[in-house]
Amino acid sequence: MSMVLLDSKQVEQFQRDGYLPIGPLLTLDQVGALRTALDELWTQWARSLGVSLGEYRRVVSQWTNVWESHPVLDAQLRVPQLAAMAATLINCQRVRLFHDHVISKPPEHSHTIPWHQDYPYWPVSAPRAVSLWLALDDADEESGCMHFMPGAHRDGERPAVDFLNDTTHWGQRGDEQVAVPIPAGWGIFHDCLSWHTSPPNNSSRPRRAHITIYMDAECTYWPSHSEWHPMNKRVSVAPGEIFNDDRFPILGGKP
């Protein structure tokens, strides 16, 4: 599929709202290939634990750095047009991978992800990053699509949210939240300071998404910003240095 790069109106929309739905980014055949890759990995990992695939997917809902486990998922990260879009939205020359992950909300076995920003959890020197939330199934309000608080990213960083004891309340501003349903093969770019949430999957369908986190390639490692993060153990540089290319590869940049 030939992707058209972002125009000025889309960039302005992203800057204003903190998120941008866009698509289609994948054909249905490409979506199918990603689903198949995940099924192969899940079957392998379930077998290694001695449980059924259904049981495994009911218990485990998130997988990180899947790009290292399957060539189809690795190739998805390296689509140059997507990296160019990310670099345009961050306004940098090149982007590198912070990490990718897959989030699955199976029917009847999922829960609400509370309102949060992503950046407070990251050992990264500056909030110069975007995530691409790529739908592998149709994501609507019934199945737990993403919700955003438009413009809240411009309020700056706030302390990390306790996911088990959510105390985020928007008051009257709560009426401004927007549900963003998208079909399979579409994506949502969102700023690392955007406020977002997603409800449970109350449909009879799966809701799978592949997320790629692009950061400005010049960002440096800053562990004091987030003392615990699974990526910390993958860093081989000193605090204040640019991330190591082997685990945080350059993915591309502006055309």
# chains A, B, ... in the order shown; residues from 1 in each chain; ligands from 1
>>> select_by_dssp(residues="segment 24-218 of chain A", states="strand (DSSP E or B)", output="PyMOL selection string")
chain A and resi 62-64+94-105+113-116+124+129-135+139+146-148+178-180+182+187-191+196-198+207-216
>>> residues_around(residues="Glu142 of chain A", least_positions_apart="5", cutoff="10 Å", atoms="only C-alpha atoms", output="compact mmCIF listing (two decimals) with C-alpha atoms, in the first residue's frame")
# COMPACT_ATOMS: atom_id res chain seq x y z
CA PRO A 181 -12.85 4.25 16.98
CA PRO A 199 -12.51 0.75 28.55
CA PRO A 200 -12.96 -3.04 28.70
CA ASN A 201 -13.76 -5.08 25.62
CA ASN A 202 -17.47 -5.79 26.01
CA SER A 203 -17.87 -7.17 22.51
CA SER A 204 -17.62 -10.77 21.31
CA ARG A 205 -14.57 -9.87 19.19
>>> residues_around(residues="Thr43 of chain A", least_positions_apart="6", cutoff="9 Å", atoms="only C-alpha atoms", output="CSV table (one decimal) with all heavy atoms, in the first residue's frame")
chain,number,residue,atom,x,y,z
A,52,SER,N,-3.0,-24.0,27.6
A,52,SER,CA,-3.7,-23.8,26.4
A,52,SER,C,-3.5,-22.4,25.9
A,52,SER,O,-3.3,-21.5,26.6
A,52,SER,CB,-5.2,-24.2,26.5
A,52,SER,OG,-5.9,-23.2,27.2
A,53,LEU,N,-3.7,-22.2,24.6
A,53,LEU,CA,-3.6,-20.9,24.0
A,53,LEU,C,-4.7,-20.0,24.5
A,53,LEU,O,-4.4,-18.8,24.9
A,53,LEU,CB,-3.7,-21.0,22.4
A,53,LEU,CG,-3.7,-19.6,21.7
A,53,LEU,CD1,-2.4,-18.9,22.0
A,53,LEU,CD2,-3.9,-19.9,20.2
A,56,TYR,N,-3.7,-18.9,28.1
A,56,TYR,CA,-2.6,-18.0,28.0
A,56,TYR,C,-3.1,-16.6,27.7
A,56,TYR,O,-2.7,-15.6,28.3
A,56,TYR,CB,-1.6,-18.5,27.0
A,56,TYR,CG,-0.4,-17.6,26.8
A,56,TYR,CD1,0.6,-17.6,27.8
A,56,TYR,CD2,-0.3,-16.8,25.7
A,56,TYR,CE1,1.7,-16.7,27.6
A,56,TYR,CE2,0.8,-16.0,25.5
A,56,TYR,CZ,1.8,-16.0,26.4
A,56,TYR,OH,2.9,-15.1,26.3
>>> residues_around(residues="Ile242 of chain A", least_positions_apart="5", cutoff="10 Å", atoms="only C-alpha atoms", output="ChimeraX atom specification")
/A:124-125,217-222,235,237,248
>>> write_last_selection(atoms="C-alpha atoms", output="JSON list (two decimals), in the first residue's frame")
[["chain", "number", "residue", "atom", "x", "y", "z"],
["A", 124, "VAL", "CA", 14.08, 9.26, 28.56],
["A", 125, "SER", "CA", 15.58, 12.75, 28.74],
["A", 217, "ALA", "CA", 17.09, 9.83, 17.94],
["A", 218, "GLU", "CA", 18.98, 12.47, 19.94],
["A", 219, "CYS", "CA", 17.14, 11.71, 23.20],
["A", 220, "THR", "CA", 19.42, 10.44, 25.94],
["A", 221, "TYR", "CA", 19.09, 7.87, 28.70],
["A", 222, "TRP", "CA", 17.77, 9.43, 31.90],
["A", 235, "VAL", "CA", 20.48, 0.05, 28.10],
["A", 237, "VAL", "CA", 25.19, 3.42, 27.89],
["A", 248, "PHE", "CA", 17.06, 0.93, 20.33]]
>>> closest_residue(among="A:Trp228, A:Pro123, A:Val95, A:Asp140", to="Gly252 of chain A", atoms="only C-alpha atoms")
A:Val95
>>> residues_around(residues="Ala179 of chain A", least_positions_apart="3", cutoff="8 Å", atoms="only C-alpha atoms", output="list in words")
Glu141, Cys145, Met146, His147 and Phe148 of chain A
>>> write_last_selection(atoms="N, CA and C atoms", output="compact mmCIF listing (two decimals), in the first residue's frame")
# COMPACT_ATOMS: atom_id res chain seq x y z
N GLU A 141 -16.28 1.56 20.31
CA GLU A 141 -16.55 1.83 21.72
C GLU A 141 -16.91 0.55 22.47
N CYS A 145 -12.12 0.89 22.35
CA CYS A 145 -11.23 1.76 21.57
C CYS A 145 -10.58 2.80 22.47
N MET A 146 -9.59 3.47 21.95
CA MET A 146 -8.88 4.49 22.69
C MET A 146 -9.76 5.73 22.89
N HIS A 147 -9.61 6.37 24.06
CA HIS A 147 -10.24 7.65 24.36
C HIS A 147 -9.14 8.65 24.71
N PHE A 148 -9.32 9.88 24.28
CA PHE A 148 -8.32 10.92 24.53
C PHE A 148 -8.99 12.17 25.13
